[in-house]
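Chemist: Below is the file start_20.cif, which contains mmCIF, C-alpha atoms.
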```cif
data_input
loop_
_atom_site.label_atom_id
_atom_site.label_comp_id
_atom_site.auth_asym_id
_atom_site.auth_seq_id
_atom_site.Cartn_x
_atom_site.Cartn_y
_atom_site.Cartn_z
CA MET A 74 156.95 140.79 -43.63
CA VAL A 75 157.63 144.38 -44.62
CA ARG A 76 155.72 146.22 -41.86
CA THR A 77 158.71 147.33 -39.76
CA ALA A 78 160.73 148.45 -42.82
CA LEU A 79 157.72 150.34 -44.19
CA TYR A 80 157.17 152.08 -40.86
CA LEU A 81 160.85 153.08 -40.69
CA THR A 82 160.85 154.32 -44.31
CA ALA A 83 157.65 156.36 -43.99
CA LEU A 84 158.77 157.90 -40.68
CA SER A 85 162.24 158.75 -42.06
CA TRP A 86 160.61 160.25 -45.19
CA VAL A 87 158.36 162.51 -43.09
CA LEU A 88 161.23 163.55 -40.76
CA LEU A 89 163.45 164.36 -43.76
CA LEU A 90 160.68 166.44 -45.35
CA ILE A 91 160.25 168.37 -42.06
CA GLY A 92 164.03 168.94 -42.05
CA PHE A 93 163.88 170.32 -45.63
CA ILE A 94 161.01 172.63 -44.65
CA VAL A 95 163.00 173.96 -41.66
CA ILE A 96 166.06 174.58 -43.89
CA GLY A 97 163.81 176.22 -46.49
CA VAL A 98 162.24 178.55 -43.90
CA ILE A 99 165.70 179.55 -42.60
CA ALA A 100 166.93 180.07 -46.17
CA HIS A 101 164.02 182.40 -46.95
CA MET A 102 164.30 184.28 -43.62
CA PHE A 103 168.08 184.83 -43.47
CA GLY A 104 169.61 183.77 -46.82
CA ASN A 105 173.07 183.36 -45.28
CA PRO A 106 174.69 180.28 -46.92
CA TRP A 107 176.93 179.53 -43.89
CA LEU A 108 174.01 179.62 -41.48
CA LEU A 109 172.17 177.35 -43.91
CA ILE A 110 175.06 174.86 -44.05
CA THR A 111 175.35 174.88 -40.24
CA VAL A 112 171.61 174.33 -39.73
CA GLY A 113 171.61 171.75 -42.54
CA LEU A 114 174.40 169.76 -40.88
CA MET A 115 172.61 169.91 -37.52
CA ILE A 116 169.39 168.67 -39.10
CA VAL A 117 171.20 165.84 -40.94
CA ALA A 118 172.93 164.83 -37.67
CA ALA A 119 169.64 164.95 -35.71
CA TRP A 120 167.82 163.01 -38.46
CA SER A 121 170.56 160.36 -38.51
CA ILE A 122 170.51 159.90 -34.72
CA VAL A 123 166.70 159.71 -34.56
CA VAL A 124 166.41 157.26 -37.49
CA TYR A 125 169.18 155.02 -36.15
CA ARG A 126 167.68 154.95 -32.65
CA ILE A 127 164.22 154.13 -34.08
CA ALA A 128 165.73 151.33 -36.22
CA GLU A 129 167.57 149.91 -33.19
CA ALA A 130 164.39 150.08 -31.09
CA LEU A 131 162.36 148.35 -33.83
CA VAL A 132 164.92 145.54 -34.08
CA ARG A 133 165.01 145.15 -30.27
CA LYS A 134 161.19 145.10 -30.13
CA SER A 135 160.96 142.48 -32.88
CA LYS A 136 163.51 140.25 -31.13
CA VAL A 137 161.44 140.07 -27.94
CA MET B 29 173.16 166.28 -82.52
CA GLU B 30 169.47 165.38 -82.58
CA LEU B 31 168.19 163.85 -79.32
CA PRO B 32 166.56 160.74 -80.93
CA ILE B 33 169.87 159.85 -82.65
CA VAL B 34 171.81 160.21 -79.37
CA ILE B 35 169.25 158.13 -77.45
CA THR B 36 169.02 155.40 -80.12
CA ALA B 37 172.80 155.06 -80.51
CA SER B 38 173.38 155.04 -76.74
CA THR B 39 170.60 152.49 -76.15
CA LEU B 40 171.96 150.18 -78.87
CA ALA B 41 175.46 150.46 -77.37
CA SER B 42 174.05 149.58 -73.95
CA ILE B 43 172.12 146.55 -75.27
CA LEU B 44 175.22 145.42 -77.21
CA ALA B 45 177.31 145.68 -74.02
CA ALA B 46 174.76 143.52 -72.15
CA TYR B 47 174.80 140.95 -75.00
CA ILE B 48 178.63 140.82 -75.01
CA VAL B 49 178.84 140.41 -71.21
CA LEU B 50 176.24 137.60 -71.26
CA ARG B 51 178.02 135.85 -74.16
CA CYS B 52 181.58 136.11 -72.81
CA ARG B 53 180.55 134.89 -69.33
CA CYS B 54 183.58 136.51 -67.71
CA ALA B 55 183.96 137.75 -64.08
CA LEU B 56 181.59 135.05 -62.84
CA VAL B 57 180.42 134.92 -59.22
CA PRO B 58 177.94 132.54 -57.55
CA ASP B 59 174.40 133.76 -56.82
CA VAL B 60 174.45 132.63 -53.19
CA HIS B 61 170.70 132.98 -52.60
CA LYS B 62 169.78 130.35 -55.23
CA PRO B 63 169.62 126.60 -54.51
CA ASN B 64 172.21 125.55 -57.12
CA LYS B 65 174.31 128.75 -56.71
CA PRO B 66 174.53 129.49 -60.49
CA LEU B 67 177.52 131.46 -61.77
CA ILE B 68 176.51 134.95 -62.94
CA PRO B 69 178.68 137.56 -64.71
CA LYS B 70 179.08 140.72 -62.59
CA LEU B 71 179.95 143.19 -65.34
CA GLY B 72 176.62 145.06 -65.48
CA GLY B 73 178.68 148.24 -65.15
CA LEU B 74 179.57 147.94 -68.84
CA VAL B 75 175.86 148.39 -69.72
CA VAL B 76 175.80 151.76 -67.92
CA LEU B 77 179.25 152.79 -69.15
CA ALA B 78 178.36 152.04 -72.79
CA TYR B 79 175.27 154.29 -72.61
CA VAL B 80 177.06 157.17 -70.86
CA VAL B 81 180.21 157.05 -73.05
CA VAL B 82 178.23 157.05 -76.32
CA SER B 83 175.87 159.80 -75.09
CA PHE B 84 178.75 161.98 -73.89
CA THR B 85 180.72 161.47 -77.13
CA LEU B 86 177.76 162.30 -79.39
CA LEU B 87 176.76 165.33 -77.30
CA SER B 88 180.37 166.54 -77.33
CA ILE B 89 180.49 166.23 -81.14
CA GLY B 90 177.32 168.31 -81.24
CA LYS B 91 179.12 170.83 -78.96
CA GLU B 92 176.04 170.93 -76.75
CA LEU B 93 178.07 170.41 -73.57
CA ILE B 94 180.30 173.43 -73.87
CA ASN B 95 177.73 175.83 -72.40
CA SER B 96 177.88 174.25 -68.94
CA MET B 97 180.68 172.34 -67.26
CA TYR B 98 178.07 170.76 -64.98
CA TYR B 99 177.20 168.38 -67.82
CA VAL B 100 180.87 167.43 -68.09
CA ILE B 101 180.74 166.43 -64.40
CA PHE B 102 177.37 164.70 -64.92
CA TYR B 103 178.65 162.50 -67.77
CA THR B 104 182.32 161.95 -66.88
CA THR B 105 182.00 161.12 -63.14
CA PRO B 106 179.95 157.93 -63.85
CA ILE B 107 182.61 156.94 -66.41
CA VAL B 108 185.50 157.43 -63.93
CA LEU B 109 183.67 155.71 -61.03
CA GLY B 110 182.37 152.96 -63.34
CA ILE B 111 185.93 152.15 -64.47
CA ILE B 112 187.15 152.09 -60.83
CA GLY B 113 184.20 149.80 -59.98
CA ILE B 114 185.00 147.41 -62.85
CA ILE B 115 188.66 147.27 -61.70
CA ASP B 116 187.26 146.57 -58.20
CA ASP B 117 185.20 143.71 -59.68
CA PHE B 118 188.42 142.01 -60.82
CA THR B 119 190.95 143.06 -58.18
CA HIS B 120 190.06 144.59 -54.81
CA VAL B 121 190.34 148.40 -54.67
CA HIS B 122 190.76 149.77 -51.13
CA GLU B 123 187.51 151.36 -49.83
CA PHE B 124 189.23 154.67 -49.06
CA LEU B 125 190.50 154.89 -52.65
CA ARG B 126 186.96 154.26 -53.96
CA VAL B 127 185.36 156.79 -51.64
CA GLY B 128 188.23 159.23 -52.27
CA ALA B 129 187.80 158.99 -56.06
CA SER B 130 184.03 159.59 -55.81
CA VAL B 131 184.74 162.82 -53.90
CA LEU B 132 188.00 164.01 -55.48
CA TYR B 133 187.13 163.67 -59.17
CA PRO B 134 184.08 166.03 -59.15
CA LEU B 135 186.04 168.34 -56.81
CA ILE B 136 188.93 168.61 -59.30
CA ILE B 137 186.53 169.38 -62.17
CA LEU B 138 184.72 172.00 -60.07
CA LEU B 139 188.00 173.65 -59.08
CA ALA B 140 189.07 173.61 -62.75
CA MET B 141 185.84 175.46 -63.59
CA GLY B 142 187.02 178.39 -61.46
CA ASP B 143 184.51 181.23 -61.53
CA LYS B 144 182.21 179.52 -64.06
CA LEU B 145 180.20 177.80 -61.30
CA GLY B 146 176.48 178.35 -61.66
CA TYR B 147 173.89 177.64 -59.00
CA LEU B 148 172.12 174.56 -57.66
CA ASN B 149 168.37 174.60 -57.15
CA PHE B 150 166.56 172.48 -54.56
CA PRO B 151 162.74 172.61 -54.32
CA ILE B 152 161.45 173.62 -50.84
CA ILE B 153 164.94 174.85 -49.80
CA GLY B 154 165.89 177.31 -52.57
CA HIS B 155 169.02 177.80 -54.66
CA PHE B 156 172.72 177.94 -53.75
CA SER B 157 175.17 180.11 -55.68
CA ASN B 158 178.00 180.41 -53.13
CA PRO B 159 180.95 178.50 -54.75
CA VAL B 160 182.07 176.86 -51.48
CA VAL B 161 178.50 175.67 -50.76
CA VAL B 162 178.19 174.34 -54.34
CA ILE B 163 181.47 172.42 -53.91
CA ILE B 164 180.43 170.99 -50.49
CA LEU B 165 177.04 169.84 -51.83
CA THR B 166 178.65 168.32 -54.95
CA ILE B 167 181.26 166.25 -53.14
CA ALA B 168 178.70 165.19 -50.49
CA ALA B 169 176.20 164.02 -53.14
CA TYR B 170 178.78 162.06 -55.17
CA GLY B 171 180.50 160.62 -52.09
CA ILE B 172 177.27 159.48 -50.46
CA PHE B 173 175.27 158.17 -53.41
CA SER B 174 177.95 156.24 -55.32
CA ASN B 175 178.53 154.24 -52.13
CA ALA B 176 174.90 154.10 -50.89
CA ILE B 177 173.80 152.37 -54.13
CA ASN B 178 176.61 149.84 -53.77
CA MET B 179 175.55 149.04 -50.18
CA MET B 180 171.96 148.23 -51.31
CA ASP B 181 172.95 145.80 -54.11
CA VAL B 182 172.26 142.69 -52.02
CA VAL B 183 169.45 140.87 -53.86
CA ASN B 184 168.42 140.61 -57.52
CA GLY B 185 166.89 143.59 -59.28
CA ILE B 186 166.36 146.16 -56.53
CA VAL B 187 169.00 148.68 -57.71
CA PRO B 188 167.77 149.01 -61.34
CA TYR B 189 164.12 148.83 -60.17
CA SER B 190 164.60 151.70 -57.70
CA MET B 191 166.47 153.71 -60.34
CA ILE B 192 163.51 153.35 -62.72
CA LEU B 193 161.29 154.73 -59.92
CA THR B 194 163.79 157.54 -59.22
CA SER B 195 163.62 158.60 -62.89
CA ILE B 196 159.81 159.05 -62.89
CA ILE B 197 159.67 162.60 -61.44
CA PRO B 198 162.58 164.10 -63.48
CA LEU B 199 161.20 162.42 -66.62
CA ALA B 200 157.70 163.83 -66.06
CA TYR B 201 159.10 167.26 -65.15
CA SER B 202 161.42 167.42 -68.20
CA ILE B 203 158.44 166.64 -70.47
CA MET B 204 156.14 169.10 -68.64
CA ILE B 205 158.59 172.02 -68.97
CA ASN B 206 159.97 170.83 -72.36
CA ASN B 207 163.58 170.72 -71.09
CA THR B 208 165.66 168.51 -73.43
CA THR B 209 168.85 168.75 -71.36
CA LEU B 210 167.06 167.39 -68.28
CA LEU B 211 165.42 164.73 -70.49
CA GLN B 212 168.87 163.61 -71.75
CA MET B 213 170.20 163.44 -68.19
CA THR B 214 167.15 161.49 -66.94
CA LEU B 215 167.34 159.02 -69.84
CA ALA B 216 171.05 158.44 -69.04
CA LEU B 217 169.83 156.96 -65.74
CA LEU B 218 166.53 155.44 -66.92
CA ILE B 219 167.52 153.53 -70.08
CA PRO B 220 170.57 151.66 -68.66
CA SER B 221 168.45 150.91 -65.57
CA ILE B 222 165.67 149.37 -67.71
CA ILE B 223 168.22 147.26 -69.64
CA LEU B 224 169.92 146.20 -66.38
CA PHE B 225 166.55 145.40 -64.80
CA ALA B 226 165.68 143.09 -67.71
CA PHE B 227 168.77 140.98 -66.91
CA ASN B 228 169.19 141.63 -63.17
CA LYS B 229 165.60 140.96 -62.05
CA TYR B 230 164.89 137.71 -60.20
CA PRO B 231 166.35 135.22 -61.22
CA ALA B 232 169.34 137.33 -62.31
CA LYS B 233 171.30 136.57 -65.47
CA LEU B 234 173.63 139.53 -64.89
CA PHE B 235 174.89 141.27 -61.73
CA ASN B 236 175.38 145.03 -61.57
CA GLY B 237 178.81 144.60 -59.98
CA ASN B 238 180.67 147.48 -58.38
CA GLY B 239 181.09 149.05 -61.82
CA GLY B 240 177.32 149.21 -62.23
CA THR B 241 176.51 150.46 -58.74
CA TYR B 242 179.20 153.18 -58.69
CA SER B 243 178.30 154.51 -62.13
CA ILE B 244 174.55 154.44 -61.33
CA GLY B 245 175.31 156.18 -58.01
CA ALA B 246 177.22 158.91 -59.83
CA LEU B 247 174.36 159.34 -62.35
CA VAL B 248 171.74 159.71 -59.63
CA ALA B 249 173.98 162.11 -57.65
CA GLY B 250 174.40 164.21 -60.80
CA LEU B 251 170.66 164.16 -61.45
CA MET B 252 170.01 165.20 -57.85
CA LEU B 253 172.38 168.16 -58.15
CA TYR B 254 171.64 169.41 -61.65
CA SER B 255 167.98 168.56 -62.32
CA GLY B 256 166.59 171.27 -60.02
CA LEU B 257 164.65 168.46 -58.27
CA GLY B 258 167.30 167.46 -55.70
CA THR B 259 165.10 167.32 -52.60
CA LEU B 260 162.48 165.19 -54.37
CA ILE B 261 165.10 162.75 -55.70
CA LEU B 262 166.59 162.51 -52.19
CA LEU B 263 163.12 161.71 -50.78
CA VAL B 264 162.58 158.91 -53.35
CA MET B 265 165.95 157.52 -52.29
CA VAL B 266 165.23 157.55 -48.55
CA PRO B 267 165.57 153.69 -48.33
CA TYR B 268 169.15 154.02 -49.68
CA VAL B 269 169.97 156.76 -47.17
CA ILE B 270 168.52 154.71 -44.28
CA ASN B 271 170.44 151.58 -45.36
CA GLY B 272 173.74 153.48 -45.74
CA LEU B 273 173.25 155.19 -42.37
CA LEU B 274 172.45 151.90 -40.59
CA ILE B 275 175.49 150.14 -42.09
CA ILE B 276 177.98 152.95 -41.36
CA VAL B 277 176.81 153.53 -37.77
CA SER B 278 176.37 149.86 -36.81
CA SER B 279 179.74 148.83 -38.31
CA ARG B 280 181.43 151.98 -36.95
CA GLY B 281 182.83 153.40 -40.16
CA ILE B 282 183.20 152.80 -43.89
CA LYS B 283 184.20 149.17 -44.44
CA SER B 284 184.26 146.89 -47.47
CA ARG B 285 181.44 144.34 -47.76
CA GLU B 286 183.81 141.48 -46.88
CA LYS B 287 184.78 143.13 -43.57
CA LEU B 288 181.17 143.68 -42.39
CA LYS B 289 179.67 141.24 -39.88
CA PRO B 290 176.75 139.64 -41.80
CA SER B 291 173.34 141.18 -41.11
CA THR B 292 171.48 138.03 -42.22
CA TYR B 293 172.15 134.34 -42.70
CA MET B 294 170.55 131.69 -44.86
CA ASN B 295 169.18 128.34 -43.81
CA ASN B 296 167.57 126.10 -46.44
CA PHE B 297 167.39 129.19 -48.75
CA ILE B 298 165.31 131.13 -46.25
CA ILE B 299 166.94 134.42 -45.20
CA TYR B 300 166.96 135.04 -41.40
CA PRO B 301 168.16 138.12 -39.46
CA ASN B 302 171.52 137.68 -37.72
CA LEU B 303 170.66 138.61 -34.13
CA ASN B 304 174.19 138.12 -32.79
CA LYS B 305 175.68 141.07 -30.94
CA GLY B 306 177.77 143.26 -33.25
CA SER B 307 176.12 142.10 -36.48
CA THR B 308 175.56 144.89 -39.03
CA LEU B 309 172.17 146.58 -39.08
CA THR B 310 170.75 146.86 -42.62
CA LEU B 311 167.39 147.45 -44.27
CA MET B 312 167.40 143.80 -45.36
CA LYS B 313 167.75 142.71 -41.71
CA ILE B 314 164.80 144.95 -40.77
CA ILE B 315 162.77 143.40 -43.63
CA VAL B 316 163.40 139.79 -42.56
CA ILE B 317 163.13 140.52 -38.82
CA ASP B 318 159.30 140.55 -39.11
CA GLU B 319 159.19 137.28 -40.99
CA PRO B 320 162.13 135.41 -42.59
CA GLY B 321 161.58 134.50 -46.22
CA ASP B 322 163.19 133.35 -49.44
CA GLU B 323 164.93 135.75 -51.83
CA ARG B 324 161.80 136.32 -53.94
CA LYS B 325 159.85 137.40 -50.85
CA VAL B 326 162.64 139.72 -49.71
CA ILE B 327 162.80 141.31 -53.19
CA ARG B 328 159.03 141.92 -53.14
CA SER B 329 159.40 143.61 -49.75
CA PHE B 330 162.17 145.87 -51.07
CA TYR B 331 159.94 146.77 -54.05
CA THR B 332 157.11 147.68 -51.64
CA VAL B 333 159.43 149.94 -49.59
CA PHE B 334 160.59 151.77 -52.75
CA ASN B 335 157.03 151.97 -54.13
CA VAL B 336 155.85 153.69 -50.92
CA ALA B 337 158.76 156.21 -50.88
CA THR B 338 158.14 156.98 -54.57
CA ALA B 339 154.36 157.31 -54.18
CA LEU B 340 154.74 159.74 -51.25
CA THR B 341 157.25 161.81 -53.25
CA ILE B 342 155.07 161.89 -56.39
CA LEU B 343 152.21 163.23 -54.25
CA LEU B 344 154.54 165.89 -52.84
CA PHE B 345 155.75 166.75 -56.37
CA ILE B 346 152.16 167.24 -57.54
CA VAL B 347 151.45 169.54 -54.57
CA LEU B 348 154.65 171.56 -55.18
CA TYR B 349 153.98 171.78 -58.94
CA VAL B 350 150.39 172.95 -58.44
CA MET B 351 151.61 175.59 -55.96
CA GLY B 352 154.35 176.68 -58.39
CA TRP B 353 157.21 175.72 -56.04
CA VAL B 354 159.13 173.57 -58.56
#
```
Re-express the file's structure as structure tokens.
Modeler:
Amino acid sequence: MVRTALYLTALSWVLLLIGFIVIGVIAHMFGNPWLLITVGLMIVAAWSIVVYRIAEALVRKSKV
Amino acid sequence: MELPIVITASTLASILAAYIVLRCRCALVPDVHKPNKPLIPKLGGLVVLAYVVVSFTLLSIGKELINSMYYVIFYTTPIVLGIIGIIDDFTHVHEFLRVGASVLYPLIILLAMGDKLGYLNFPIIGHFSNPVVVIILTIAAYGIFSNAINMMDVVNGIVPYSMILTSIIPLAYSIMINNTTLLQMTLALLIPSIILFAFNKYPAKLFNGNGGTYSIGALVAGLMLYSGLGTLILLVMVPYVINGLLIIVSSRGIKSREKLKPSTYMNNFIIYPNLNKGSTLTLMKIIVIDEPGDERKVIRSFYTVFNVATALTILLFIVLYVMGWV
């Protein structure tokens, strides 16, 4: 019953962790807060789009 | 004031609030997922408010809050949002007013602090001391989480259960580094959540209501910002973030629950996904899309999702702690 939701959660968790690591690397390399905020917003936007598209695809696949 | 006295008094106030709400049986709403649709009081917010108000009052008497205004934000934002939520439980408060209050109140306090802003620490990322960045992160955390918790409160017990799981890492960390301030903040989330869980678990005798979900959301946002464990708390709460994202994108904006096109429907007390075009996409819909089930089955699935997110994050916490990165 929970397979699709578990897959989506685990994948989103991993993608978010990768996003944090990227922000962390940029923070340690440059240390500019505005660059960090810009990159952070881009990562959040990319994460949101990817997770939403995956969720939509999972729902479509389950309907078939 | 001594920590055990603060915790005992706050816990007793919280239990008393739960007892009063259950006895008075006011603000009753039907539990639509149960066969006989029993009427359940939806004033669980008073349980959280009682704990936070008593804790804040006793800590203020002990003058332990004066050193950092962050604790004033941590304790007063759940009170303000909890009161707005309880008003919303009786008479409808417009969604923009609710979202606005969750963002504006911490912003006003931060602006009042002027140059006394400290820094926020996030494991893996680092710390932020730029005042504008601190303000942006604060209003984002309060705005997102007070509403994300509310969006997930769809079946019995999952909000307090997930909050108990969210408290595990900050509780362990506060004990490991002997940090009483962090312990107080963690217990402000954990103890009301345990009391709520006792009454809100399936079959619920008490609903969290908007008062409960907004105040819990504000507590978890505060813990995320001021515990120094923000990234880990965010990772435990990934199911909330996914659910909020799915609802906002699929319904094209922030809308009240009544205005959303239902994501599921019930037939003979079995919950099915609503596959009509334009229906809202939620985590609950994704859970029942594999196999429709009754409320108990759906709740177990939600628990599994939260257990997995928490287990992954605890493993990450152990790795980071061993490597000295938290």
Chemist: Which residues come within 10 Å of range 99-107 of chain A, counting all atoms listed in the file, excluding same-chain residues fewer than 5 positions away, as a VMD selection string?
Modeler: (chain A and resid 93 to 94 112 to 113) or (chain B and resid 152 to 158 160 to 161)
Chemist: List every residue of chain B that has an atom at most 9 Å from any atom of chain A, giving for each one its closest atom pair and the distance in Å to one decimal, counting all atoms listed in the file, sorted by chain and then by ascending residue number, as CSV.
Modeler:
```
residue,atom,partner,partner_atom,distance
B:Pro151,CA,A:Gly97,CA,8.7
B:Ile152,CA,A:Gly97,CA,5.6
B:Ile153,CA,A:Gly97,CA,3.8
B:Gly154,CA,A:Gly97,CA,6.5
B:Phe156,CA,A:Pro106,CA,7.5
B:Ser157,CA,A:Pro106,CA,8.8
B:Asn158,CA,A:Pro106,CA,7.0
B:Val161,CA,A:Pro106,CA,7.1
B:Thr259,CA,A:Phe93,CA,7.7
B:Leu263,CA,A:Trp86,CA,6.3
B:Val264,CA,A:Trp86,CA,8.5
B:Val266,CA,A:Trp86,CA,6.3
B:Pro267,CA,A:Thr82,CA,6.2
B:Ile270,CA,A:Val124,CA,7.6
B:Leu273,CA,A:Ser121,CA,7.0
B:Leu274,CA,A:Tyr125,CA,6.3
B:Val277,CA,A:Tyr125,CA,7.9
B:Ser278,CA,A:Tyr125,CA,8.9
B:Leu303,CA,A:Lys136,CA,7.9
B:Leu309,CA,A:Glu129,CA,8.2
B:Leu311,CA,A:Ala78,CA,6.9
B:Met312,CA,A:Ala78,CA,8.5
B:Lys313,CA,A:Val132,CA,8.6
B:Ile314,CA,A:Ala78,CA,5.7
B:Ile315,CA,A:Val75,CA,5.3
B:Val316,CA,A:Met74,CA,6.6
B:Ile317,CA,A:Ser135,CA,6.6
B:Asp318,CA,A:Met74,CA,5.1
B:Glu319,CA,A:Met74,CA,4.9
B:Pro320,CA,A:Met74,CA,7.5
B:Gly321,CA,A:Met74,CA,8.2
B:Lys325,CA,A:Met74,CA,8.5
B:Val326,CA,A:Met74,CA,8.4
B:Arg328,CA,A:Val75,CA,9.0
B:Ser329,CA,A:Val75,CA,5.5
B:Phe330,CA,A:Val75,CA,8.0
B:Thr332,CA,A:Val75,CA,7.8
B:Val333,CA,A:Leu79,CA,5.7
B:Phe334,CA,A:Thr82,CA,8.8
B:Val336,CA,A:Ala83,CA,7.6
B:Ala337,CA,A:Ala83,CA,7.0
B:Leu340,CA,A:Trp86,CA,8.5
B:Thr341,CA,A:Trp86,CA,8.9
```
Chemist: In Å, how far is it from CA of Gly306 in chain B to CA of Arg280 in chain B?
Modeler: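 Separation between CA of Gly306 in chain B and CA of Arg280 in chain B: 10.2 Å.
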Chemist: Here's the selection I'm unsure about, the PyMOL selection byres ((chain B and resi 178-184) around 9); applied to the file above, which residues does it give, as a PyMOL selection string?
Modeler: chain B and resi 61+173-177+185-187+225+228-232+235-238+240-242+245+267-268+271-272+275+285+310-312+323-324+326-327
Chemist: Counting all atoms listed in the file, find residues at most 12 Å from (175.5, 131.9, -52.2) (file frame) and give them as a list in words.
Modeler: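 Collected hits near the coordinates: Val57, Pro58, Asp59, Val60, His61, Lys62, Pro63, Asn64, Lys65, Pro66, Leu67, Ile68, Val182, Val183, Tyr293, Met294, Asn295, Asn296, Phe297, Ile298, Ile299 and Glu323 of chain B.
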Chemist: Mind dumping a table of every range 142-226 of chain B residue within 9 Å of range 103-123 of chain B, with the nearest atom pair and its distance in Å to one decimal, using only C-alpha atoms, sorted by chain and rising number, as JSON lines?
Modeler:
```
{"residue": "B:Tyr170", "atom": "CA", "partner": "B:Thr105", "partner_atom": "CA", "distance": 8.6}
{"residue": "B:Ser174", "atom": "CA", "partner": "B:Leu109", "partner_atom": "CA", "distance": 8.1}
{"residue": "B:Met213", "atom": "CA", "partner": "B:Tyr103", "partner_atom": "CA", "distance": 8.5}
{"residue": "B:Ala216", "atom": "CA", "partner": "B:Tyr103", "partner_atom": "CA", "distance": 8.7}
```
Chemist: Can you work out the spacing between CA of Leu247 in chain B and CA of Leu108 in chain A in Å, to one decimal?
Modeler: 29.1 Å
Chemist: Applied to the shown file, which residues does the PyMOL selection byres ((chain B and resi 30-43) around 10) return, written as a ChimeraX atom specification?
Modeler: /B:29,44-49,72,74-87,90,208-209,211-212,215-216,219-220,223-224
Chemist: Work out where the centre of an axis-aligned box around every listed atom of range 116-122 of chain A lies and how long its edges are once 8 Å is added on each side; give both in Å to one decimal as lines of an AutoDock Vina configuration file.
Modeler:
```
center_x = 170.4
center_y = 164.3
center_z = -37.8
size_x = 21.1
size_y = 24.8
size_z = 22.2
```
Chemist: Between CA of Tyr133 in chain B and CA of Gly171 in chain B, what is the distance, to one decimal in Å?
Modeler: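 Distance reported for this atom pair: 10.2 Å.
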Chemist: Contacts of Leu218 in chain B at 7 Å or less, counting only C-alpha atoms, minus same-chain residues fewer than 3 places along, as a ChimeraX atom specification?
Modeler: /B:191-192,195,214-215,221-222
Chemist: Would you mind listing what lies within 9 Å of Ile276 in chain B as a PyMOL selection string, with only C-alpha atoms counted and same-chain residues fewer than 6 positions away left out?
Modeler: chain B and resi 282-283+308-309
